[in-house]
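Student: My structure is below; once you've seen it, I'll send some questions.
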Amino acid sequence: MSLADKYVPGDIESKWYERWESANIFHSTPDHREPYTIVIPPPNVTGMLHMGHMLNNTLQDVLVRRARMMGKNACWVPGTDHASIATEAKVVKKLAEQGIRKSDLTREQFLEHAWDWTREHGGIILKQLRKLGASCDWDRTSFTMDEVRSQSVIKVFVDLYNKGLIYRGLRMVNWDPKAQTALSNEEVIYKEEQSKLFYLRYYVDEPAGSTDGEEQGAVTLTPDAPFDPTVKHQILHRDAEGRRYAVVATTRPETIMGDTAMCINPKDPKNSWLKGKRVIVPLVGRSIPVIEDRYVEIEFGTGCLKVTPAHDTNDYMLGKTHSLETIDIFNPDATISEAAGMYVGMDREDVRRQIVVDLQAAGLMEKVENYVNKVGYSERNPSTAVEPRLCMQWFLSMQHFADIALPPVMNDELKFYPSKYKTTYRNWLENIQDWCISRQLWWGHRIPAYFLPAGEGEERFVVAESAAEALRLAREIPGYENISAEELRQDEDALDTWFSSWLWPVSLFDGINNPGNDEIKYYYPTSDLVTGPDIIFFWVARMIMAGYEYNGDMPFRNVYFTGIVRDKLGRKMSKSLGNSPDPLDLIAQYGADGVRCAMLLCTSAGNDLMFDEALCEQGRNFANKIWNAYRLVGGWKVDESLAQTDGNKMAIKWFDATLKKAVAEMDDHFAQYRISDALKTVYRLFWDDFSGWYLEMVKPAYQAPIDAPTMEATRGFFDKLLRLLSPFMPFITEELWQDLAPRGDESLCLASMPSVEEWNEELIVKFGPVGEAVSAVRAVRKAKNIPNREPLALKVICDDNYHTEFEPLLVKMAGLSGVEYVTEKDATAESFMVKTTQYFVPMSEKIDVDAEVEKLNKDLTYFEGFLAGVMKKLSNERFVSSAPAKVVETEHAKKRDAEAKIAAIKERLAALTK
RNA sequence: GGGAGCAUAGCUCAGUUGGUUUAGAGCAUCUGCCUUACAAGCAGAGGGUCAGGGGUUCGACUCCCUUUGCUCCCACCA
């Protein structure tokens with residue numbers, strides 16, 4: 001093995017990953033062991049690895065590697081998602097660059113392009129995961145549109161339809177005019193926008209000069225005078241010719257062609273004169289009724305609302321309640337349709353600009369105000385504003401699923417980490433809405449519904465797993481006995497991507513097509529799911545639903561929600577900001593082990609993490625530290641004849657206890673999914689306790705040999721440390737572990753994790769003062785500028801806090817010539833105290849009395865203040881009587897210590913100033 | 001509008017059912033060291049009235065209330 005003093009990860013990492021993969025050591029098959037299963041949140045098939053994936057997959061890998069080393073049959077199933085809208089959008093864009101329009105292609109031709117694209121880009125991300133060290137069972141790699149998964153989806157659709165849970169309905173859906181498809185509510189992202197509120201003039205359909213409906217006290221406003229929303233009397237508008245009109249505030253003037261009513265609140269005094277009237281839609285000239293509904297906010301705008309049932313969810317509701325006509329003024333691509341009668345063929349954005357001009361020219365625009373409102377955008381087409389649109393879609397009734405998915409999470413059978421997401425989950429399930437599962441896309445699972453010829457405005461269809469089955473079902477319908485296969489027309493739509501992802505934990509083990517097969521029985525429920533809280537509704541909740549529905553049990557026992565990866569300024573990492581580093585560059589620069597550490601060091605479940613490249617440096621440095629510690633130990637020569645010193649024996653006993661304690665701590669951290677803390681524990685153990693203390697304790701003098709038992713113990717410690725580190729840093733640990741002893745075909749990845757054992761806590765406690773004394777001597781050295789190689793004498797007034805068995809370690813670590821036990825203070829020496837023990841370092845030259853006095857006075861002030869605090873507690877009778885005896889005893893001990901220290905300091909001061 | 005969460009050292013965060021020193025770590029900073037594994041290192045040091053206010057308690061960073069500031073989620077105010 002190389003002796004380079006810097007660890008170079010590149011070659012080592014690719015070497016080991018290739019060996020692991022060719023030995024197929026991450027492959028799992030059911031056996032007698034306890035299973036540990038994770039299903040990967042499938043990344044988009046054509047996606048590229050980003051920092052979110054890095055975090056997510058590092059965590060999964062740590063969990064799965066640890067489980068594997070703890071003797072479980074670990075199985076991490078990888079795969080990709082077809083991501084229907086996102087992928088179809090990419091393909092459409094690519095085709096457009098070649099001058100091909102989607103509408104010029106047949107479904108089959110388009111799908112051929114999409115598959116080409118998938119084959120070309122698909123799986124890149126899985127290659128990238130290998131660079132990170134992800135220990136997936138690649139034999140199980142799946143795709144949401146592969147055969148097994150597709151069959152599962154179709155089967156589930158048919159089953160749910162037959163159960164009466166899937167239905168078809170004409171609903172107001174969120175329409176993405178660019179992709180020309182419906183979206184689920186969850187796929188719409190609302191963004192605040194600076195926009196305008198337009199006040200339009202709707203003339204009352206009546207002769208000029210009419211006054212009916214007016215009450216005494218009614219006020220007539222000129223166009224310039226604003227409304228006072230608090231007024232309790234009628235407010236009228238009348239133009240110069242005496243014609244009355246209403247004013248409507250709207251953010252979307254381009255939809256007036258679709259207006260079929262104007263609505264006021266029945267309790268609105270200022271608009272009560274409009275009751276029962278009809279008004280004229282500006283520019284359009286159509287007369288529409290004034291309706292009354294309490295939905296209208298009296299104080300918003302003018303209290304008059306234009307109602308466009310075809311293009312607004314609320315207006316649609318109003319339309320239904322008041323039986324209004326519906327005029328759909330948009331084509332699927334959001335250009336104006338024939339039905340609008342004006343601006344036909346123009347884009348909605350252009351129409352808005354144009355109509356504003358036209359309204360102003362016609363004197364129908366009262367005023368324009370700045371206004372901040374929320375506009376919905378398509379999640380997968382973020383630049384496209386969603387258009388509410390009325391159309392026929394497929395829906396899944398959700399109440400049944402909400403009922404089965406809520407209890408297990410609320411009663412912690414299925415645990416969320418952190419648990420705060422239980423509330424989010426409950427809120428969503430308690431207000432569940434039916435899921436629009438159809439998408440007007442080609443890339444995806446085609447809906448297995450087959451339409452039969454039917455009369456005008458009528459729909460007849462059958463739902464079946466295959467065309468043949470559909471034909472059979474169709475022929476059972478009276479009047480269709482002789483229908484031919486050609487007359488059946490399969491629904492053109494595809495299913496929402498999440499309609500396949502929600503089956504993932506079941507479908508990966510083929511539990512839909514082959515219920516109760518050996519694999520699903522063994523691996524399901526899976527153990528942990530690691531994912532982001534942003535897809536708690538899209539995916540997590542729905543998997544829980546499908547898991548219970550299709551495999552009778554929870555899909556996973558624990559869900560670990562990661563945070564969002566932000567840059568160190570707290571901004572979300574995004575392409576447009578350019579603040580997201582390329583994970584592969586980071587790996588190339590710092591090594592996969594280093595980057596893994598970086599991700600883990602800054603994460604705690606559910607909290608966003610500020611990623612700073614400096615953390616990668618820290619990770620890389622840690623790897624280097626491990627490397628160099630190994631070089632040190634590796635360079636030691638054993639002398640079999642050499643007797644083991646008491647100091648070495650003590651060092652081994654102490655580190656053994658320290659290591660065991662750390663193992664227990666890590667175990668506790670893992671049990672609570674505090675992965676970052678678990679890493680920090682082993683980081684400190686290796687860097688401070690092992691390298692900083694233990695190795696320095698047993699390190700032989702330059703070129704001197706080491707005794708055999710100490711060497712053996714040290715190698716044993718190294719072995720355990722590498723095992724503990726392996727889940728976090730699989731590459732460097734494997735490299736060193738292989739060098740530590742001949743391993744044959746064995747891999748550290750499959751070695752056993754040190755288990756939790758009893759440790760000698762007393763030893764650790766007793767070592768505390770030794771460490772402090774060492775630091776104190778070093779501080780003296782530093783203050784006096786004494787080189788490390790110059791040995792120092794140390795005098796000590798022994799007491800209960802001085803443990804002679806550690807003396808050899810004290811001597812070695814502090815660089816002492818020896819320790820002398822004394823009973824008298826030495827006024828000419830530098831002194832310090834650890835707990836109650838006094839130490840003196842004799843100086844060859846005179847000590848700086850003034851500086852020493854000043855320092856002692858500072859200490860004195862501190863301890864006196866400290867003692868005062870303790871005394872205050874102890875003199876409080878209520879404290880002494882109510883606090884637990886143990887706590888009171890600690891206070892007494894603190895008091896004794898402080899008093900002893902104060903006495904010692906005072907004596908020393910007296911001696912110095914004498 | 002409803003809900004959740006956060007606020008501790010310059011930065012990122014611990015602080016595990018309220019009681020071990022008058023709050024810890026890592027990074028950063030400062031000061032010494034090229035001490036033969038590691039300068040990607042070693043040794044030492046400075047730095048916080050635990051966001052403000054009130055309450056409960058013998059005792060509060062920790063529990064309750066409130067104010068302020070930030071973040072996120074949900075919701076149909078045109």
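Identifiers in the structure tokens: chain A, B, ... in order shown; residue index from 1 per chain; ligand index from 1 in order shown.
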Distance cut-off 7 Å, counting only C-alpha atoms (C1' of nucleotides) - which residues of chain A neighbour chain B? Return them as an NGL selection string.
Tutor: :A and (249-250 or 297 or 305 or 313-314 or 621 or 624-625 or 628-629 or 631-632 or 702 or 779 or 782 or 788 or 866 or 876 or 878-879 or 882 or 887 or 890)
Student: Can you write just those residues out, N, CA and C atoms, as a tab-separated table (two decimals), in the first residue's frame?
Tutor:
```
chain	number	residue	atom	x	y	z
A	249	ALA	N	-64.24	44.77	-9.81
A	249	ALA	CA	-62.77	44.68	-9.76
A	249	ALA	C	-62.35	43.29	-10.17
A	250	THR	N	-61.38	43.22	-11.08
A	250	THR	CA	-60.91	41.91	-11.53
A	250	THR	C	-59.43	41.97	-11.85
A	297	GLU	N	-67.27	38.78	-0.96
A	297	GLU	CA	-66.80	39.62	0.14
A	297	GLU	C	-67.29	41.04	-0.11
A	305	LEU	N	-68.77	41.14	-8.09
A	305	LEU	CA	-67.89	40.11	-8.64
A	305	LEU	C	-68.41	39.68	-9.99
A	313	THR	N	-62.50	28.44	-10.28
A	313	THR	CA	-63.10	27.40	-9.45
A	313	THR	C	-64.31	27.90	-8.68
A	314	ASN	N	-64.17	29.08	-8.10
A	314	ASN	CA	-65.28	29.60	-7.30
A	314	ASN	C	-66.45	30.01	-8.17
A	621	ASN	N	-10.43	16.20	5.22
A	621	ASN	CA	-9.39	16.22	6.25
A	621	ASN	C	-9.53	15.05	7.21
A	624	ASN	N	-8.18	12.07	5.64
A	624	ASN	CA	-6.72	12.17	5.67
A	624	ASN	C	-6.17	11.82	7.05
A	625	LYS	N	-6.91	12.23	8.06
A	625	LYS	CA	-6.50	11.93	9.44
A	625	LYS	C	-6.48	10.42	9.65
A	628	ASN	N	-3.53	8.89	7.91
A	628	ASN	CA	-2.24	9.11	8.57
A	628	ASN	C	-2.11	8.37	9.88
A	629	ALA	N	-3.21	8.24	10.59
A	629	ALA	CA	-3.17	7.44	11.82
A	629	ALA	C	-2.77	6.01	11.45
A	631	ARG	N	-1.03	5.15	8.82
A	631	ARG	CA	0.39	5.13	8.44
A	631	ARG	C	1.27	5.04	9.67
A	632	LEU	N	0.89	5.74	10.72
A	632	LEU	CA	1.68	5.72	11.96
A	632	LEU	C	1.74	4.31	12.52
A	702	TYR	N	10.99	7.58	18.53
A	702	TYR	CA	11.35	7.49	17.11
A	702	TYR	C	12.20	6.26	16.83
A	779	ALA	N	-0.16	24.41	28.81
A	779	ALA	CA	-0.43	25.85	28.85
A	779	ALA	C	0.75	26.58	29.49
A	782	LYS	N	3.47	26.81	26.98
A	782	LYS	CA	3.14	27.82	25.97
A	782	LYS	C	3.38	29.22	26.53
A	788	ASN	N	8.64	21.82	23.47
A	788	ASN	CA	8.04	20.55	23.86
A	788	ASN	C	9.07	19.49	24.23
A	866	PHE	N	-18.84	31.73	42.12
A	866	PHE	CA	-19.41	30.40	41.96
A	866	PHE	C	-19.90	29.86	43.30
A	876	ASN	N	-31.02	28.00	50.94
A	876	ASN	CA	-32.46	28.05	50.71
A	876	ASN	C	-33.09	26.76	51.23
A	878	ARG	N	-36.02	25.66	51.21
A	878	ARG	CA	-36.96	25.00	50.30
A	878	ARG	C	-36.22	24.15	49.27
A	879	PHE	N	-35.04	24.65	48.89
A	879	PHE	CA	-34.25	23.85	47.95
A	879	PHE	C	-33.81	22.56	48.62
A	882	SER	N	-36.90	20.32	49.08
A	882	SER	CA	-37.67	19.82	47.93
A	882	SER	C	-36.82	19.15	46.85
A	887	VAL	N	-29.29	15.76	44.01
A	887	VAL	CA	-28.99	17.11	43.55
A	887	VAL	C	-28.38	17.93	44.69
A	890	THR	N	-24.81	16.95	45.17
A	890	THR	CA	-23.92	17.55	44.17
A	890	THR	C	-23.58	18.97	44.57
```
Student: Quick one: residues within 8 Å of segment 610-616 of chain A, only C-alpha atoms (C1' of nucleotides), excluding same-chain residues fewer than 3 positions away - as an mmCIF file with N, CA, C and O atoms (P, O5', C5', C4', C3', O3' and C1' of nucleotides), in the first residue's frame?
Tutor:
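After the write, result.cif holds the following:
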```cif
data_model
loop_
_atom_site.group_PDB
_atom_site.id
_atom_site.type_symbol
_atom_site.label_atom_id
_atom_site.label_comp_id
_atom_site.auth_asym_id
_atom_site.auth_seq_id
_atom_site.Cartn_x
_atom_site.Cartn_y
_atom_site.Cartn_z
ATOM 1 N N VAL A 565 -31.680 21.232 0.931
ATOM 2 C CA VAL A 565 -30.297 21.676 0.881
ATOM 3 C C VAL A 565 -30.260 23.118 0.396
ATOM 4 O O VAL A 565 -30.750 23.434 -0.688
ATOM 5 N N ARG A 566 -29.722 23.982 1.229
ATOM 6 C CA ARG A 566 -29.596 25.390 0.854
ATOM 7 C C ARG A 566 -28.125 25.748 0.785
ATOM 8 O O ARG A 566 -27.285 25.018 1.297
ATOM 9 N N ASP A 567 -27.836 26.886 0.182
ATOM 10 C CA ASP A 567 -26.438 27.302 0.179
ATOM 11 C C ASP A 567 -26.150 27.971 1.516
ATOM 12 O O ASP A 567 -27.019 28.098 2.365
ATOM 13 N N LYS A 568 -24.917 28.415 1.700
ATOM 14 C CA LYS A 568 -24.585 28.884 3.049
ATOM 15 C C LYS A 568 -25.247 30.227 3.362
ATOM 16 O O LYS A 568 -25.232 30.663 4.507
ATOM 17 N N LEU A 569 -25.843 30.845 2.359
ATOM 18 C CA LEU A 569 -26.599 32.074 2.609
ATOM 19 C C LEU A 569 -28.065 31.752 2.885
ATOM 20 O O LEU A 569 -28.882 32.636 3.068
ATOM 21 N N GLY A 570 -28.389 30.471 2.870
ATOM 22 C CA GLY A 570 -29.755 30.071 3.187
ATOM 23 C C GLY A 570 -30.674 30.046 1.984
ATOM 24 O O GLY A 570 -31.871 29.853 2.109
ATOM 25 N N LEU A 586 -17.647 17.762 -6.710
ATOM 26 C CA LEU A 586 -17.280 17.703 -5.295
ATOM 27 C C LEU A 586 -16.617 16.374 -4.971
ATOM 28 O O LEU A 586 -15.595 16.320 -4.275
ATOM 29 N N TYR A 590 -13.016 16.168 -3.411
ATOM 30 C CA TYR A 590 -12.838 15.842 -1.990
ATOM 31 C C TYR A 590 -12.963 14.350 -1.677
ATOM 32 O O TYR A 590 -12.747 13.938 -0.548
ATOM 33 N N GLY A 594 -15.408 12.056 1.792
ATOM 34 C CA GLY A 594 -15.384 13.425 2.307
ATOM 35 C C GLY A 594 -16.708 14.127 2.087
ATOM 36 O O GLY A 594 -17.218 14.806 2.979
ATOM 37 N N VAL A 595 -17.280 13.957 0.900
ATOM 38 C CA VAL A 595 -18.544 14.621 0.602
ATOM 39 C C VAL A 595 -19.669 14.009 1.432
ATOM 40 O O VAL A 595 -20.561 14.715 1.912
ATOM 41 N N CYS A 597 -19.391 12.792 4.388
ATOM 42 C CA CYS A 597 -19.267 13.398 5.722
ATOM 43 C C CYS A 597 -19.852 14.805 5.729
ATOM 44 O O CYS A 597 -20.566 15.188 6.650
ATOM 45 N N ALA A 598 -19.539 15.552 4.691
ATOM 46 C CA ALA A 598 -20.025 16.933 4.617
ATOM 47 C C ALA A 598 -21.544 16.969 4.674
ATOM 48 O O ALA A 598 -22.139 17.759 5.406
ATOM 49 N N MET A 599 -22.189 16.094 3.907
ATOM 50 C CA MET A 599 -23.645 16.072 3.893
ATOM 51 C C MET A 599 -24.174 15.735 5.286
ATOM 52 O O MET A 599 -25.127 16.331 5.769
ATOM 53 N N LEU A 601 -22.643 15.962 8.213
ATOM 54 C CA LEU A 601 -22.276 16.864 9.301
ATOM 55 C C LEU A 601 -23.276 18.005 9.469
ATOM 56 O O LEU A 601 -23.388 18.568 10.544
ATOM 57 N N CYS A 602 -23.958 18.350 8.393
ATOM 58 C CA CYS A 602 -24.822 19.530 8.509
ATOM 59 C C CYS A 602 -26.303 19.191 8.488
ATOM 60 O O CYS A 602 -27.144 20.036 8.293
ATOM 61 N N GLY A 619 -14.539 17.000 5.792
ATOM 62 C CA GLY A 619 -14.687 15.571 5.534
ATOM 63 C C GLY A 619 -13.416 14.989 4.937
ATOM 64 O O GLY A 619 -12.953 13.921 5.344
ATOM 65 N N ARG A 620 -12.867 15.715 3.969
ATOM 66 C CA ARG A 620 -11.632 15.247 3.341
ATOM 67 C C ARG A 620 -10.517 15.185 4.379
ATOM 68 O O ARG A 620 -9.742 14.233 4.431
ATOM 69 P P U B 12 -25.743 30.818 10.345
ATOM 70 O "O5'" U B 12 -25.327 29.290 10.494
ATOM 71 C "C5'" U B 12 -25.100 28.501 9.335
ATOM 72 C "C4'" U B 12 -24.802 27.083 9.737
ATOM 73 C "C3'" U B 12 -25.793 26.473 10.729
ATOM 74 O "O3'" U B 12 -26.967 26.016 10.078
ATOM 75 C "C1'" U B 12 -23.588 25.994 11.424
ATOM 76 P P C B 27 -12.717 21.942 13.750
ATOM 77 O "O5'" C B 27 -13.332 23.048 12.782
ATOM 78 C "C5'" C B 27 -13.733 22.711 11.468
ATOM 79 C "C4'" C B 27 -14.456 23.874 10.828
ATOM 80 C "C3'" C B 27 -13.689 25.192 10.790
ATOM 81 O "O3'" C B 27 -12.780 25.242 9.700
ATOM 82 C "C1'" C B 27 -15.888 25.592 11.551
#
```
Student: From the DSSP assignment of the backbone, select every residue of segment 417-599 of chain A that is strand (DSSP E), and format the answer as JSON, numbers by chain.
Tutor: {"A": [417, 435, 436, 438, 439, 449, 450, 451, 452, 460, 461, 462, 463, 489, 490, 494, 495, 526, 527, 528, 529, 530, 531, 556, 557, 558, 559, 560, 561, 565, 566]}
Student: Take atom CA of Asp137 of chain A and atom CA of Val62 of chain A and report the distance between them in Å, one decimal.
Tutor: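 Atom-to-atom, atom CA of Asp137 of chain A and atom CA of Val62 of chain A are spaced 14.5 Å apart.
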Student: Closest to Val173 of chain A among A:Asp434, A:Asp81, A:Asp518, A:Glu21, using only C-alpha atoms?
Tutor: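 The shortest atom-to-atom distance to Val173 of chain A comes from A:Asp434.
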Student: Skipping near chain neighbours, those fewer than 3 positions away, what residues fall within 8 Å of Met398 of chain A using only C-alpha atoms (C1' of nucleotides), listed as a ChimeraX atom specification?
Tutor: /A:165,401-402,432-435
Student: Export, as a PDB file, in the first residue's frame, the selected residues with all heavy atoms.
Tutor:
```
ATOM      1  N   LEU A 165     -64.185   3.099  -6.801  1.00  0.00           N
ATOM      2  CA  LEU A 165     -63.419   4.218  -6.249  1.00  0.00           C
ATOM      3  C   LEU A 165     -62.889   5.151  -7.330  1.00  0.00           C
ATOM      4  O   LEU A 165     -62.485   6.271  -7.051  1.00  0.00           O
ATOM      5  CB  LEU A 165     -62.260   3.685  -5.402  1.00  0.00           C
ATOM      6  CG  LEU A 165     -62.701   3.002  -4.102  1.00  0.00           C
ATOM      7  CD1 LEU A 165     -61.541   2.265  -3.447  1.00  0.00           C
ATOM      8  CD2 LEU A 165     -63.303   4.022  -3.141  1.00  0.00           C
ATOM      9  N   PHE A 401     -59.259   6.036   1.390  1.00  0.00           N
ATOM     10  CA  PHE A 401     -57.820   5.921   1.627  1.00  0.00           C
ATOM     11  C   PHE A 401     -57.369   6.755   2.825  1.00  0.00           C
ATOM     12  O   PHE A 401     -56.499   6.357   3.587  1.00  0.00           O
ATOM     13  CB  PHE A 401     -57.048   6.321   0.371  1.00  0.00           C
ATOM     14  CG  PHE A 401     -57.232   5.350  -0.747  1.00  0.00           C
ATOM     15  CD1 PHE A 401     -58.072   5.648  -1.818  1.00  0.00           C
ATOM     16  CD2 PHE A 401     -56.599   4.129  -0.736  1.00  0.00           C
ATOM     17  CE1 PHE A 401     -58.258   4.741  -2.846  1.00  0.00           C
ATOM     18  CE2 PHE A 401     -56.768   3.213  -1.759  1.00  0.00           C
ATOM     19  CZ  PHE A 401     -57.607   3.517  -2.823  1.00  0.00           C
ATOM     20  N   ALA A 402     -57.994   7.912   2.956  1.00  0.00           N
ATOM     21  CA  ALA A 402     -57.651   8.751   4.110  1.00  0.00           C
ATOM     22  C   ALA A 402     -58.005   8.004   5.390  1.00  0.00           C
ATOM     23  O   ALA A 402     -57.253   8.030   6.363  1.00  0.00           O
ATOM     24  CB  ALA A 402     -58.411  10.068   4.035  1.00  0.00           C
ATOM     25  N   ILE A 432     -59.114  15.864   2.778  1.00  0.00           N
ATOM     26  CA  ILE A 432     -58.720  15.216   1.529  1.00  0.00           C
ATOM     27  C   ILE A 432     -59.697  15.549   0.403  1.00  0.00           C
ATOM     28  O   ILE A 432     -60.896  15.710   0.630  1.00  0.00           O
ATOM     29  CB  ILE A 432     -58.628  13.682   1.748  1.00  0.00           C
ATOM     30  CG1 ILE A 432     -57.854  13.013   0.633  1.00  0.00           C
ATOM     31  CG2 ILE A 432     -60.010  13.070   1.882  1.00  0.00           C
ATOM     32  CD1 ILE A 432     -56.388  12.991   0.858  1.00  0.00           C
ATOM     33  N   GLN A 433     -59.132  15.697  -0.778  1.00  0.00           N
ATOM     34  CA  GLN A 433     -59.956  15.931  -1.971  1.00  0.00           C
ATOM     35  C   GLN A 433     -59.670  14.822  -2.962  1.00  0.00           C
ATOM     36  O   GLN A 433     -58.600  14.232  -2.938  1.00  0.00           O
ATOM     37  CB  GLN A 433     -59.555  17.261  -2.601  1.00  0.00           C
ATOM     38  CG  GLN A 433     -59.640  18.393  -1.610  1.00  0.00           C
ATOM     39  CD  GLN A 433     -60.194  19.643  -2.223  1.00  0.00           C
ATOM     40  OE1 GLN A 433     -59.949  19.930  -3.384  1.00  0.00           O
ATOM     41  NE2 GLN A 433     -60.956  20.379  -1.444  1.00  0.00           N
ATOM     42  N   ASP A 434     -60.616  14.565  -3.795  1.00  0.00           N
ATOM     43  CA  ASP A 434     -60.420  13.500  -4.766  1.00  0.00           C
ATOM     44  C   ASP A 434     -59.244  13.833  -5.682  1.00  0.00           C
ATOM     45  O   ASP A 434     -58.949  14.987  -5.955  1.00  0.00           O
ATOM     46  CB  ASP A 434     -61.704  13.257  -5.557  1.00  0.00           C
ATOM     47  CG  ASP A 434     -62.735  12.541  -4.688  1.00  0.00           C
ATOM     48  OD1 ASP A 434     -62.369  12.149  -3.553  1.00  0.00           O
ATOM     49  OD2 ASP A 434     -63.890  12.391  -5.115  1.00  0.00           O
ATOM     50  N   TRP A 435     -58.610  12.779  -6.108  1.00  0.00           N
ATOM     51  CA  TRP A 435     -57.339  12.894  -6.833  1.00  0.00           C
ATOM     52  C   TRP A 435     -57.608  12.786  -8.332  1.00  0.00           C
ATOM     53  O   TRP A 435     -58.115  11.771  -8.802  1.00  0.00           O
ATOM     54  CB  TRP A 435     -56.425  11.770  -6.331  1.00  0.00           C
ATOM     55  CG  TRP A 435     -55.092  11.629  -6.984  1.00  0.00           C
ATOM     56  CD1 TRP A 435     -54.468  12.471  -7.845  1.00  0.00           C
ATOM     57  CD2 TRP A 435     -54.190  10.529  -6.797  1.00  0.00           C
ATOM     58  NE1 TRP A 435     -53.240  11.986  -8.209  1.00  0.00           N
ATOM     59  CE2 TRP A 435     -53.042  10.797  -7.580  1.00  0.00           C
ATOM     60  CE3 TRP A 435     -54.233   9.349  -6.046  1.00  0.00           C
ATOM     61  CZ2 TRP A 435     -51.954   9.921  -7.623  1.00  0.00           C
ATOM     62  CZ3 TRP A 435     -53.153   8.483  -6.094  1.00  0.00           C
ATOM     63  CH2 TRP A 435     -52.023   8.772  -6.884  1.00  0.00           C
TER      64      TRP A 435
END
```
Student: Residues within 10 Å of G47 of chain B, please, as an NGL selection string. Count only C-alpha atoms (C1' of nucleotides); anything in the same chain fewer than 3 positions from it doesn't count.
Tutor: :B and (9-10 or 29)
Student: Can you measure atom CA of Tyr550 of chain A to atom CA of Pro525 of chain A for me? One decimal in Å is fine.
Tutor: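 Computing it gives 11.8 Å between the two atoms.
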Student: Can you measure atom CA of Asp639 of chain A to atom CA of Ala701 of chain A for me? One decimal in Å is fine.
Tutor: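 It comes out at 13.3 Å.
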Student: Quick one: pick out all helix (DSSP H, G or I) residues within segment 221-403 of chain A from a backbone DSSP run and write them as number ranges by chain.
Tutor: A: 253-258, 269-274, 313-321, 338-340, 348-361, 399-403
Student: Which of these, A:Phe110, A:Tyr36, A:Phe863, A:Phe416, has the shortest distance to Val77 of chain A once you count only C-alpha atoms?
Tutor: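 Of A:Phe110, A:Tyr36, A:Phe863, A:Phe416, the one nearest Val77 of chain A, counting only C-alpha atoms, is A:Tyr36.
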